[in-house]
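**Student:** Supplied structure: query32.pdb, PDB, C-alpha atoms, pLDDT in the B column.
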ATOM      1  CA  THR Z  30      32.074  84.370 -34.115  1.00 45.00           C
ATOM      2  CA  THR Z  31      30.306  81.016 -34.204  1.00 46.00           C
ATOM      3  CA  THR Z  32      33.003  79.075 -36.046  1.00 46.00           C
ATOM      4  CA  PRO Z  33      35.692  79.144 -33.307  1.00 47.00           C
ATOM      5  CA  SER Z  34      33.084  78.125 -30.769  1.00 44.00           C
ATOM      6  CA  THR Z  35      32.128  75.111 -32.830  1.00 44.00           C
ATOM      7  CA  SER Z  36      35.740  74.132 -33.315  1.00 42.00           C
ATOM      8  CA  SER Z  37      36.413  74.490 -29.619  1.00 44.00           C
ATOM      9  CA  SER Z  38      33.385  72.366 -28.816  1.00 44.00           C
ATOM     10  CA  SER Z  39      34.474  69.727 -31.285  1.00 44.00           C
ATOM     11  CA  GLY Z  40      37.952  69.753 -29.810  1.00 44.00           C
ATOM     12  CA  GLU Z  41      36.606  69.288 -26.308  1.00 45.00           C
ATOM     13  CA  MET Z  42      34.411  66.333 -27.419  1.00 46.00           C
ATOM     14  CA  THR Z  43      37.354  64.692 -29.073  1.00 51.00           C
ATOM     15  CA  THR Z  44      39.463  65.060 -25.954  1.00 49.00           C
ATOM     16  CA  ASN Z  45      36.670  63.637 -23.792  1.00 53.00           C
ATOM     17  CA  GLU Z  46      36.220  60.669 -26.083  1.00 49.00           C
ATOM     18  CA  ILE Z  47      39.929  59.875 -25.970  1.00 45.00           C
ATOM     19  CA  SER Z  48      39.985  60.196 -22.201  1.00 48.00           C
ATOM     20  CA  SER Z  49      36.933  57.963 -21.869  1.00 52.00           C
ATOM     21  CA  GLY Z  50      38.474  55.356 -24.135  1.00 49.00           C
ATOM     22  CA  LEU Z  51      41.692  55.295 -22.135  1.00 44.00           C
ATOM     23  CA  GLN Z  52      39.767  54.871 -18.904  1.00 48.00           C
ATOM     24  CA  LYS Z  53      37.767  51.956 -20.341  1.00 47.00           C
ATOM     25  CA  GLY Z  54      40.902  50.260 -21.579  1.00 45.00           C
ATOM     26  CA  GLY Z  55      42.659  50.748 -18.240  1.00 44.00           C
ATOM     27  CA  ARG Z  56      39.724  49.555 -16.173  1.00 46.00           C
ATOM     28  CA  GLY Z  57      39.135  46.534 -18.329  1.00 47.00           C
ATOM     29  CA  ASP Z  58      36.257  47.162 -20.710  1.00 47.00           C
ATOM     30  CA  GLY Z  59      35.813  43.457 -20.829  1.00 50.00           C
ATOM     31  CA  GLY Z  60      39.519  42.882 -20.364  1.00 49.00           C
ATOM     32  CA  LYS Z  61      40.363  43.977 -23.883  1.00 52.00           C
ATOM     33  CA  GLY Z  62      43.139  46.279 -22.775  1.00 51.00           C
ATOM     34  CA  LYS Z  63      44.939  43.707 -20.637  1.00 61.00           C
ATOM     35  CA  PHE Z  64      46.738  40.428 -21.340  1.00 63.00           C
ATOM     36  CA  ARG Z  65      44.746  37.479 -20.031  1.00 74.00           C
ATOM     37  CA  PHE Z  66      46.318  34.010 -19.881  1.00 66.00           C
ATOM     38  CA  ASP Z  67      44.030  31.264 -21.131  1.00 68.00           C
ATOM     39  CA  PHE Z  68      45.152  27.685 -20.498  1.00 65.00           C
ATOM     40  CA  ARG Z  69      43.296  26.567 -23.605  1.00 70.00           C
ATOM     41  CA  ASP Z  70      45.709  28.534 -25.769  1.00 71.00           C
ATOM     42  CA  ILE Z  71      48.552  26.102 -25.065  1.00 76.00           C
ATOM     43  CA  LEU Z  72      46.466  22.957 -25.587  1.00 81.00           C
ATOM     44  CA  PRO Z  73      46.445  21.131 -28.932  1.00 82.00           C
ATOM     45  CA  PRO Z  74      43.488  21.584 -31.296  1.00 88.00           C
ATOM     46  CA  GLU Z  75      40.384  19.571 -30.560  1.00 90.00           C
ATOM     47  CA  PRO Z  76      39.932  16.269 -32.467  1.00 90.00           C
ATOM     48  CA  GLU Z  77      38.450  16.738 -35.942  1.00 91.00           C
ATOM     49  CA  ASP Z  78      38.353  13.340 -37.614  1.00 94.00           C
ATOM     50  CA  GLN Z  79      35.567  11.507 -35.799  1.00 94.00           C
ATOM     51  CA  LEU Z  80      35.723   8.641 -38.283  1.00 95.00           C
ATOM     52  CA  ALA Z  81      39.368   7.869 -37.578  1.00 96.00           C
ATOM     53  CA  MET Z  82      38.886   8.178 -33.824  1.00 96.00           C
ATOM     54  CA  SER Z  83      35.777   5.983 -33.800  1.00 96.00           C
ATOM     55  CA  GLY Z  84      37.543   3.393 -35.941  1.00 96.00           C
ATOM     56  CA  ASP Z  85      40.478   3.366 -33.531  1.00 97.00           C
ATOM     57  CA  ILE Z  86      38.176   2.745 -30.568  1.00 97.00           C
ATOM     58  CA  ILE Z  87      36.256  -0.051 -32.288  1.00 97.00           C
ATOM     59  CA  ALA Z  88      39.448  -1.705 -33.526  1.00 97.00           C
ATOM     60  CA  LEU Z  89      41.032  -1.671 -30.062  1.00 97.00           C
ATOM     61  CA  PHE Z  90      37.914  -3.027 -28.340  1.00 97.00           C
ATOM     62  CA  VAL Z  91      37.500  -5.847 -30.852  1.00 97.00           C
ATOM     63  CA  TYR Z  92      41.205  -6.663 -30.657  1.00 96.00           C
ATOM     64  CA  ALA Z  93      41.268  -6.724 -26.842  1.00 96.00           C
ATOM     65  CA  PHE Z  94      38.248  -9.016 -26.553  1.00 95.00           C
ATOM     66  CA  LEU Z  95      39.459 -11.330 -29.321  1.00 93.00           C
ATOM     67  CA  ASP Z  96      42.958 -11.561 -27.847  1.00 90.00           C
ATOM     68  CA  HIS Z  97      41.687 -12.461 -24.382  1.00 90.00           C
ATOM     69  CA  PHE Z  98      39.143 -14.897 -25.779  1.00 88.00           C
ATOM     70  CA  LEU Z  99      41.858 -16.796 -27.629  1.00 83.00           C
ATOM     71  CA  ASN Z 100      44.073 -16.628 -24.550  1.00 81.00           C
ATOM     72  CA  GLU Z 101      41.380 -18.257 -22.418  1.00 80.00           C
ATOM     73  CA  MET Z 102      40.840 -20.916 -25.078  1.00 79.00           C
ATOM     74  CA  MET Z 103      44.560 -21.635 -24.993  1.00 72.00           C
ATOM     75  CA  ALA Z 104      44.532 -21.922 -21.215  1.00 71.00           C
ATOM     76  CA  SER Z 105      41.570 -24.295 -21.283  1.00 72.00           C
ATOM     77  CA  ALA Z 106      43.278 -26.425 -23.919  1.00 69.00           C
ATOM     78  CA  LEU Z 107      46.401 -26.656 -21.765  1.00 65.00           C
ATOM     79  CA  VAL Z 108      44.365 -27.690 -18.738  1.00 66.00           C
ATOM     80  CA  SER Z 109      42.424 -30.356 -20.612  1.00 66.00           C
ATOM     81  CA  GLY Z 110      45.461 -31.579 -22.542  1.00 65.00           C
ATOM     82  CA  ASP Z 111      43.898 -30.712 -25.915  1.00 61.00           C
ATOM     83  CA  SER Z 112      47.094 -30.399 -27.913  1.00 64.00           C
ATOM     84  CA  VAL Z 113      45.234 -29.960 -31.216  1.00 64.00           C
ATOM     85  CA  THR Z 114      43.389 -26.837 -30.058  1.00 67.00           C
ATOM     86  CA  ALA Z 115      46.490 -25.453 -28.358  1.00 59.00           C
ATOM     87  CA  ALA Z 116      48.590 -25.945 -31.487  1.00 62.00           C
ATOM     88  CA  ALA Z 117      45.906 -24.299 -33.638  1.00 65.00           C
ATOM     89  CA  ILE Z 118      45.835 -21.205 -31.428  1.00 63.00           C
ATOM     90  CA  ASP Z 119      49.557 -20.860 -30.712  1.00 64.00           C
ATOM     91  CA  PRO Z 120      51.821 -23.537 -32.253  1.00 66.00           C
ATOM     92  CA  GLU Z 121      54.972 -22.069 -30.727  1.00 61.00           C
ATOM     93  CA  THR Z 122      53.620 -22.101 -27.181  1.00 60.00           C
ATOM     94  CA  ALA Z 123      52.118 -25.544 -27.597  1.00 58.00           C
ATOM     95  CA  THR Z 124      55.458 -26.911 -28.768  1.00 61.00           C
ATOM     96  CA  THR Z 125      57.440 -25.153 -26.043  1.00 56.00           C
ATOM     97  CA  LEU Z 126      55.223 -26.429 -23.276  1.00 55.00           C
ATOM     98  CA  ALA Z 127      55.476 -30.016 -24.569  1.00 51.00           C
ATOM     99  CA  MET Z 128      51.925 -31.118 -24.056  1.00 44.00           C
ATOM    100  CA  SER Z 129      53.026 -34.628 -23.108  1.00 45.00           C
ATOM    101  CA  THR Z 130      54.850 -33.376 -20.005  1.00 47.00           C
ATOM    102  CA  LYS Z 131      53.260 -34.754 -16.860  1.00 48.00           C
ATOM    103  CA  VAL Z 132      52.100 -32.624 -13.988  1.00 49.00           C
ATOM    104  CA  PRO Z 133      54.691 -32.698 -11.141  1.00 49.00           C
ATOM    105  CA  VAL Z 134      53.939 -34.872  -8.135  1.00 48.00           C
ATOM    106  CA  TRP Z 135      53.856 -31.879  -5.808  1.00 46.00           C
ATOM    107  CA  TRP Z 136      51.256 -30.086  -7.954  1.00 46.00           C
ATOM    108  CA  ASP Z 137      47.827 -29.901  -6.327  1.00 50.00           C
ATOM    109  CA  VAL Z 138      45.439 -30.347  -9.234  1.00 48.00           C
ATOM    110  CA  THR Z 139      42.340 -29.442  -7.220  1.00 51.00           C
ATOM    111  CA  GLN Z 140      43.841 -26.112  -6.191  1.00 48.00           C
ATOM    112  CA  HIS Z 141      45.514 -24.913  -9.352  1.00 47.00           C
ATOM    113  CA  THR Z 142      43.718 -26.285 -12.397  1.00 47.00           C
ATOM    114  CA  LEU Z 143      40.288 -25.008 -11.428  1.00 43.00           C
ATOM    115  CA  PRO Z 144      39.196 -21.699 -12.914  1.00 46.00           C
ATOM    116  CA  VAL Z 145      39.660 -18.742 -10.577  1.00 43.00           C
ATOM    117  CA  GLY Z 146      37.761 -15.631 -11.553  1.00 46.00           C
ATOM    118  CA  GLY Z 147      36.888 -17.139 -14.928  1.00 45.00           C
ATOM    119  CA  ALA Z 148      40.500 -17.877 -16.002  1.00 44.00           C
ATOM    120  CA  PRO Z 149      42.541 -21.005 -15.242  1.00 44.00           C
ATOM    121  CA  VAL Z 150      45.681 -20.576 -13.142  1.00 44.00           C
ATOM    122  CA  LEU Z 151      48.546 -22.376 -14.824  1.00 43.00           C
ATOM    123  CA  PRO Z 152      51.907 -21.200 -13.490  1.00 42.00           C
ATOM    124  CA  ALA Z 153      53.335 -24.729 -13.196  1.00 37.00           C
ATOM    125  CA  LEU Z 154      52.545 -25.510 -16.801  1.00 41.00           C
ATOM    126  CA  GLY Z 155      54.457 -22.450 -17.936  1.00 44.00           C
ATOM    127  CA  TYR Z 156      51.467 -20.594 -19.331  1.00 53.00           C
ATOM    128  CA  VAL Z 157      51.992 -17.050 -18.074  1.00 55.00           C
ATOM    129  CA  PRO Z 158      48.899 -14.815 -17.653  1.00 76.00           C
ATOM    130  CA  TYR Z 159      48.543 -11.065 -18.140  1.00 85.00           C
ATOM    131  CA  ALA Z 160      49.385  -8.342 -15.658  1.00 87.00           C
ATOM    132  CA  PRO Z 161      46.468  -7.737 -13.247  1.00 86.00           C
ATOM    133  CA  ALA Z 162      45.369  -4.434 -14.816  1.00 89.00           C
ATOM    134  CA  ILE Z 163      44.916  -5.968 -18.272  1.00 91.00           C
ATOM    135  CA  SER Z 164      43.995  -9.510 -17.223  1.00 87.00           C
ATOM    136  CA  THR Z 165      40.388  -9.166 -18.418  1.00 89.00           C
ATOM    137  CA  ALA Z 166      39.131  -8.162 -21.830  1.00 91.00           C
ATOM    138  CA  GLY Z 167      37.024  -5.272 -20.561  1.00 93.00           C
ATOM    139  CA  ALA Z 168      39.717  -3.722 -18.375  1.00 93.00           C
ATOM    140  CA  SER Z 169      42.412  -4.088 -21.017  1.00 94.00           C
ATOM    141  CA  ALA Z 170      40.186  -2.518 -23.678  1.00 96.00           C
ATOM    142  CA  VAL Z 171      39.316   0.466 -21.484  1.00 96.00           C
ATOM    143  CA  ILE Z 172      42.950   1.071 -20.488  1.00 96.00           C
ATOM    144  CA  LEU Z 173      44.241   0.684 -24.030  1.00 96.00           C
ATOM    145  CA  VAL Z 174      41.590   2.963 -25.537  1.00 97.00           C
ATOM    146  CA  SER Z 175      42.012   5.596 -22.820  1.00 97.00           C
ATOM    147  CA  ALA Z 176      45.785   5.672 -23.283  1.00 97.00           C
ATOM    148  CA  TRP Z 177      45.330   5.899 -27.061  1.00 97.00           C
ATOM    149  CA  LEU Z 178      42.859   8.789 -26.870  1.00 97.00           C
ATOM    150  CA  VAL Z 179      45.015  10.781 -24.470  1.00 96.00           C
ATOM    151  CA  SER Z 180      48.149  10.215 -26.554  1.00 96.00           C
ATOM    152  CA  GLY Z 181      46.346  10.913 -29.821  1.00 96.00           C
ATOM    153  CA  TYR Z 182      45.015  14.215 -28.516  1.00 95.00           C
ATOM    154  CA  PHE Z 183      48.534  15.492 -27.882  1.00 94.00           C
ATOM    155  CA  THR Z 184      50.136  13.995 -31.011  1.00 94.00           C
ATOM    156  CA  GLY Z 185      47.408  15.284 -33.313  1.00 94.00           C
ATOM    157  CA  ALA Z 186      46.393  11.797 -34.401  1.00 95.00           C
ATOM    158  CA  PHE Z 187      42.759  12.888 -34.804  1.00 96.00           C
ATOM    159  CA  LEU Z 188      43.372  15.950 -36.972  1.00 95.00           C
ATOM    160  CA  TYR Z 189      42.567  15.843 -40.677  1.00 94.00           C
ATOM    161  CA  LYS Z 190      46.091  16.923 -41.552  1.00 93.00           C
ATOM    162  CA  ASN Z 191      47.361  13.669 -39.994  1.00 93.00           C
ATOM    163  CA  THR Z 192      44.600  11.320 -41.151  1.00 94.00           C
ATOM    164  CA  LEU Z 193      42.935  12.076 -44.480  1.00 93.00           C
ATOM    165  CA  GLN Z 194      44.555  15.277 -45.749  1.00 91.00           C
ATOM    166  CA  CYS Z 195      48.040  13.792 -45.934  1.00 92.00           C
ATOM    167  CA  SER Z 196      49.896  10.903 -47.475  1.00 92.00           C
ATOM    168  CA  VAL Z 197      49.286   7.364 -46.238  1.00 93.00           C
ATOM    169  CA  SER Z 198      52.849   7.136 -44.958  1.00 93.00           C
ATOM    170  CA  LYS Z 199      52.368  10.197 -42.745  1.00 94.00           C
ATOM    171  CA  ALA Z 200      49.077   8.846 -41.408  1.00 94.00           C
ATOM    172  CA  VAL Z 201      50.713   5.543 -40.492  1.00 95.00           C
ATOM    173  CA  ALA Z 202      53.743   7.309 -38.985  1.00 95.00           C
ATOM    174  CA  THR Z 203      51.471   9.455 -36.821  1.00 95.00           C
ATOM    175  CA  ALA Z 204      49.680   6.334 -35.628  1.00 96.00           C
ATOM    176  CA  GLY Z 205      53.038   4.776 -34.789  1.00 96.00           C
ATOM    177  CA  ARG Z 206      54.143   7.768 -32.719  1.00 95.00           C
ATOM    178  CA  THR Z 207      50.831   7.783 -30.907  1.00 97.00           C
ATOM    179  CA  TRP Z 208      51.105   4.049 -30.228  1.00 97.00           C
ATOM    180  CA  ILE Z 209      54.503   4.529 -28.572  1.00 97.00           C
ATOM    181  CA  SER Z 210      53.071   7.094 -26.155  1.00 96.00           C
ATOM    182  CA  ALA Z 211      49.992   4.983 -25.472  1.00 97.00           C
ATOM    183  CA  THR Z 212      52.133   1.912 -24.862  1.00 96.00           C
ATOM    184  CA  VAL Z 213      54.283   3.758 -22.331  1.00 96.00           C
ATOM    185  CA  ILE Z 214      51.137   4.696 -20.409  1.00 96.00           C
ATOM    186  CA  THR Z 215      49.728   1.160 -20.607  1.00 96.00           C
ATOM    187  CA  VAL Z 216      53.011  -0.431 -19.536  1.00 94.00           C
ATOM    188  CA  GLY Z 217      53.183   1.919 -16.553  1.00 94.00           C
ATOM    189  CA  ILE Z 218      49.678   0.921 -15.476  1.00 94.00           C
ATOM    190  CA  ALA Z 219      50.435  -2.769 -15.979  1.00 91.00           C
ATOM    191  CA  LEU Z 220      53.659  -2.611 -13.949  1.00 90.00           C
ATOM    192  CA  ALA Z 221      51.960  -0.666 -11.168  1.00 91.00           C
ATOM    193  CA  SER Z 222      49.151  -3.208 -10.960  1.00 87.00           C
ATOM    194  CA  ASP Z 223      51.652  -6.059 -10.888  1.00 83.00           C
ATOM    195  CA  ALA Z 224      53.531  -4.406  -8.022  1.00 82.00           C
ATOM    196  CA  TRP Z 225      50.448  -3.549  -5.974  1.00 82.00           C
ATOM    197  CA  CYS Z 226      48.144  -6.502  -6.693  1.00 72.00           C
ATOM    198  CA  ASP Z 227      49.118  -9.968  -5.494  1.00 62.00           C
ATOM    199  CA  CYS Z 228      45.950 -12.026  -5.274  1.00 59.00           C
ATOM    200  CA  VAL Z 229      44.988 -15.603  -6.125  1.00 48.00           C
ATOM    201  CA  ALA Z 230      43.415 -14.819  -9.474  1.00 54.00           C
ATOM    202  CA  ASN Z 231      46.240 -12.473 -10.545  1.00 57.00           C
ATOM    203  CA  PRO Z 232      49.456 -13.227  -8.662  1.00 57.00           C
ATOM    204  CA  SER Z 233      52.339 -10.785  -8.871  1.00 58.00           C
ATOM    205  CA  LEU Z 234      54.722 -11.867 -11.642  1.00 61.00           C
ATOM    206  CA  GLY Z 235      57.527  -9.363 -11.127  1.00 67.00           C
ATOM    207  CA  GLY Z 236      57.107  -7.504 -14.415  1.00 75.00           C
ATOM    208  CA  LEU Z 237      55.595  -7.841 -17.855  1.00 83.00           C
ATOM    209  CA  THR Z 238      54.961 -11.273 -19.323  1.00 83.00           C
ATOM    210  CA  LYS Z 239      55.029 -12.662 -22.838  1.00 82.00           C
ATOM    211  CA  ALA Z 240      51.248 -12.371 -22.933  1.00 84.00           C
ATOM    212  CA  ASP Z 241      51.508  -8.665 -22.067  1.00 89.00           C
ATOM    213  CA  ALA Z 242      54.118  -8.053 -24.744  1.00 90.00           C
ATOM    214  CA  ASP Z 243      52.139  -9.940 -27.381  1.00 89.00           C
ATOM    215  CA  PHE Z 244      49.002  -8.011 -26.463  1.00 92.00           C
ATOM    216  CA  LEU Z 245      50.660  -4.594 -26.651  1.00 93.00           C
ATOM    217  CA  PHE Z 246      52.642  -5.186 -29.829  1.00 94.00           C
ATOM    218  CA  GLY Z 247      49.624  -6.762 -31.478  1.00 94.00           C
ATOM    219  CA  SER Z 248      47.708  -3.522 -31.017  1.00 95.00           C
ATOM    220  CA  LEU Z 249      50.326  -1.729 -33.137  1.00 95.00           C
ATOM    221  CA  SER Z 250      49.591  -3.873 -36.184  1.00 95.00           C
ATOM    222  CA  VAL Z 251      45.838  -3.440 -35.691  1.00 96.00           C
ATOM    223  CA  LEU Z 252      46.000   0.365 -35.487  1.00 96.00           C
ATOM    224  CA  THR Z 253      48.501   0.897 -38.292  1.00 95.00           C
ATOM    225  CA  MET Z 254      46.547  -1.428 -40.579  1.00 96.00           C
ATOM    226  CA  TRP Z 255      43.317   0.476 -39.880  1.00 96.00           C
ATOM    227  CA  ARG Z 256      44.963   3.841 -40.524  1.00 96.00           C
ATOM    228  CA  PHE Z 257      46.558   2.487 -43.704  1.00 96.00           C
ATOM    229  CA  VAL Z 258      43.206   1.275 -45.042  1.00 95.00           C
ATOM    230  CA  LEU Z 259      41.481   4.524 -44.041  1.00 95.00           C
ATOM    231  CA  GLY Z 260      44.123   6.688 -45.702  1.00 93.00           C
ATOM    232  CA  SER Z 261      44.260   4.550 -48.835  1.00 93.00           C
ATOM    233  CA  ILE Z 262      40.499   4.584 -49.419  1.00 93.00           C
ATOM    234  CA  LEU Z 263      39.372   8.016 -48.180  1.00 91.00           C
ATOM    235  CA  GLY Z 264      42.594   9.997 -47.964  1.00 85.00           C
ATOM    236  CA  SER Z 265      43.193  12.917 -50.313  1.00 81.00           C
ATOM    237  CA  GLY Z 266      46.968  12.570 -50.297  1.00 74.00           C
ATOM    238  CA  GLY Z 267      47.477  16.215 -49.355  1.00 69.00           C
ATOM    239  CA  ASN Z 268      50.637  18.081 -48.489  1.00 67.00           C
ATOM    240  CA  ASP Z 269      52.635  16.599 -45.605  1.00 66.00           C
ATOM    241  CA  ASP Z 270      53.980  19.953 -44.412  1.00 60.00           C
TER     242      ASP Z 270
END
The structure in this file should be written as structure tokens.
**Tutor:**
Amino acid sequence: TTTPSTSSSSGEMTTNEISSGLQKGGRGDGGKGKFRFDFRDILPPEPEDQLAMSGDIIALFVYAFLDHFLNEMMASALVSGDSVTAAAIDPETATTLAMSTKVPVWWDVTQHTLPVGGAPVLPALGYVPYAPAISTAGASAVILVSAWLVSGYFTGAFLYKNTLQCSVSKAVATAGRTWISATVITVGIALASDAWCDCVANPSLGGLTKADADFLFGSLSVLTMWRFVLGSILGSGGNDD
């Protein structure tokens, strides 16, 4: 007489447990029973290789400051007529500008050969400056590094599988793809600044200049060389799949 009662009681407890579980799942129970969209699920993985990323930042900052320093030296040499210094920095430009060419009669030396904002203005001599957004070393470094970090996050340039745990060729190729994206962003900022900013220190030039192109393409060689050295020395040469 006691056995059926026990079985019935056990059956009722089982039914209650199932019912309680269904109610918890339907009401949420922490949301486990429902599909919840998380924006983080569609984002790329977070950066892993801090060494590669730090090296990229340092390389770009050093490159930007060195490039602008040499550019200002070139401008000063053109103003002072120092053909030796100009030829040492950029022989092609020094030859093209023909250092012996005289300043035109209509050129106001007091207005245009004096430094404005720390950089000489030399449009009549043919020495074309940078776009306003990247006209200074600090601004150009910040813009270039920011564009590189954003692009690298989405291309996976800071993941071990694309830096150290892969072949050197894949590491360099990843850096190249990232550079293309970063350059598109930088060019867009440079063109926008050229269209919106037309001041004495940085007059509107109607597009990118040779200095802009040299600066951007020079960053490619700097980054790919750094990634090549990093992969060659510390890379494990893992599977490229």
**Student:** So, with all atoms listed in the file as the atoms that count, which of Z:Val171, Z:Ala204, Z:Ala211, Z:Ala160 lies closest to Lys239 in chain Z?
**Tutor:** Z:Ala160
**Student:** Expressed in Å to a single decimal, how great is the separation between CA of Ser180 in chain Z and CA of Leu249 in chain Z?
**Tutor:**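 We find that CA of Ser180 in chain Z and CA of Leu249 in chain Z lie 13.8 Å from each other.
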**Student:** Any chance you could work out the residue set of the PyMOL selection byres ((chain Z and resi 73) around 10) here, as an mmCIF file with C-alpha atoms, keeping the file's coordinate frame?
**Tutor:**
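Output saved as expr00.cif:
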data_model
loop_
_atom_site.group_PDB
_atom_site.id
_atom_site.type_symbol
_atom_site.label_atom_id
_atom_site.label_comp_id
_atom_site.auth_asym_id
_atom_site.auth_seq_id
_atom_site.Cartn_x
_atom_site.Cartn_y
_atom_site.Cartn_z
ATOM 1 C CA ARG Z 69 43.296 26.567 -23.605
ATOM 2 C CA ASP Z 70 45.709 28.534 -25.769
ATOM 3 C CA ILE Z 71 48.552 26.102 -25.065
ATOM 4 C CA LEU Z 72 46.466 22.957 -25.587
ATOM 5 C CA PRO Z 74 43.488 21.584 -31.296
ATOM 6 C CA GLU Z 75 40.384 19.571 -30.560
ATOM 7 C CA PRO Z 76 39.932 16.269 -32.467
ATOM 8 C CA TYR Z 182 45.015 14.215 -28.516
ATOM 9 C CA PHE Z 183 48.534 15.492 -27.882
ATOM 10 C CA THR Z 184 50.136 13.995 -31.011
ATOM 11 C CA GLY Z 185 47.408 15.284 -33.313
#
**Student:** So, with all atoms listed in the file as the atoms that count, which of Z:Glu101, Z:Asp241, Z:Asp223, Z:Asp96 lies closest to Pro161 in chain Z?
**Tutor:**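 For Pro161 in chain Z, the nearest of the given residues is Z:Asp223.
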**Student:** In Å, rounded to a single decimal, give me how far CA of Ser175 in chain Z is from CA of Asp243 in chain Z.
**Tutor:** 19.1 Å
**Student:** Hey, what comes out of the PyMOL selection byres ((chain Z and resi 188) around 10) on this file? Could you write it as an MDAnalysis selection string?
**Tutor:** chainID Z and resid 74:79 81:82 181:182 184:187 189:194
**Student:** Please indicate the distance in Å from CA of Val213 in chain Z to CA of Met102 in chain Z, rounded to one decimal place.
**Tutor:**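 Interatomic distance here is 28.2 Å.
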**Student:** Have a look at Z:Leu237, Z:Leu80, Z:Val91, Z:Leu173 and name the one nearest to Leu259 in chain Z; count all atoms listed in the file.
**Tutor:** Z:Leu80
**Student:** Go through Z:Phe94, Z:Ser261, Z:Leu99, Z:Arg65 one by one, measure the shortest atom-to-atom distance of each to Ser196 in chain Z using all atoms listed in the file, and give the residue with the smallest value.
**Tutor:** Z:Ser261
**Student:** Determine the nearest neighbour of Phe90 in chain Z from the options Z:Ala219, Z:Ala162, Z:Cys195, Z:Val251, counting only C-alpha atoms.
**Tutor:**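 The answer is Z:Val251, which sits nearest to Phe90 in chain Z.
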**Student:** Around (47.3, -5.2, -15.2) in the file's own coordinates, what residues are found within 9 Å if you use only C-alpha atoms, given back as a compact mmCIF listing (two decimals) with C-alpha atoms, in the coordinates of the input?
**Tutor:**
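So the final result, stored in point_38.txt, reads:
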# COMPACT_ATOMS: atom_id res chain seq x y z
CA TYR Z 159 48.54 -11.06 -18.14
CA ALA Z 160 49.38 -8.34 -15.66
CA PRO Z 161 46.47 -7.74 -13.25
CA ALA Z 162 45.37 -4.43 -14.82
CA ILE Z 163 44.92 -5.97 -18.27
CA SER Z 164 44.00 -9.51 -17.22
CA THR Z 165 40.39 -9.17 -18.42
CA ALA Z 168 39.72 -3.72 -18.38
CA SER Z 169 42.41 -4.09 -21.02
CA THR Z 215 49.73 1.16 -20.61
CA VAL Z 216 53.01 -0.43 -19.54
CA ILE Z 218 49.68 0.92 -15.48
CA ALA Z 219 50.44 -2.77 -15.98
CA LEU Z 220 53.66 -2.61 -13.95
CA ALA Z 221 51.96 -0.67 -11.17
CA SER Z 222 49.15 -3.21 -10.96
CA ASP Z 223 51.65 -6.06 -10.89
CA CYS Z 226 48.14 -6.50 -6.69
CA ASN Z 231 46.24 -12.47 -10.54
CA ASP Z 241 51.51 -8.66 -22.07
**Student:** Can you work out which one of Z:Ser198, Z:Ser105, Z:Thr238, Z:Ser248 has the shortest atom-to-atom distance to Tyr92 in chain Z, counting all atoms listed in the file?
**Tutor:**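 Closest to Tyr92 in chain Z of all the choices is Z:Ser248.
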**Student:** Would you compute the box with edges along x, y and z of the file around range 210-226 of chain Z, including every atom the file lists for it and 6 Å extra on each side, and give its centre and edge lengths in Å to one decimal, as lines of an AutoDock Vina configuration file?
**Tutor:**
center_x = 51.2
center_y = 0.3
center_z = -16.1
size_x = 18.1
size_y = 25.6
size_z = 32.2
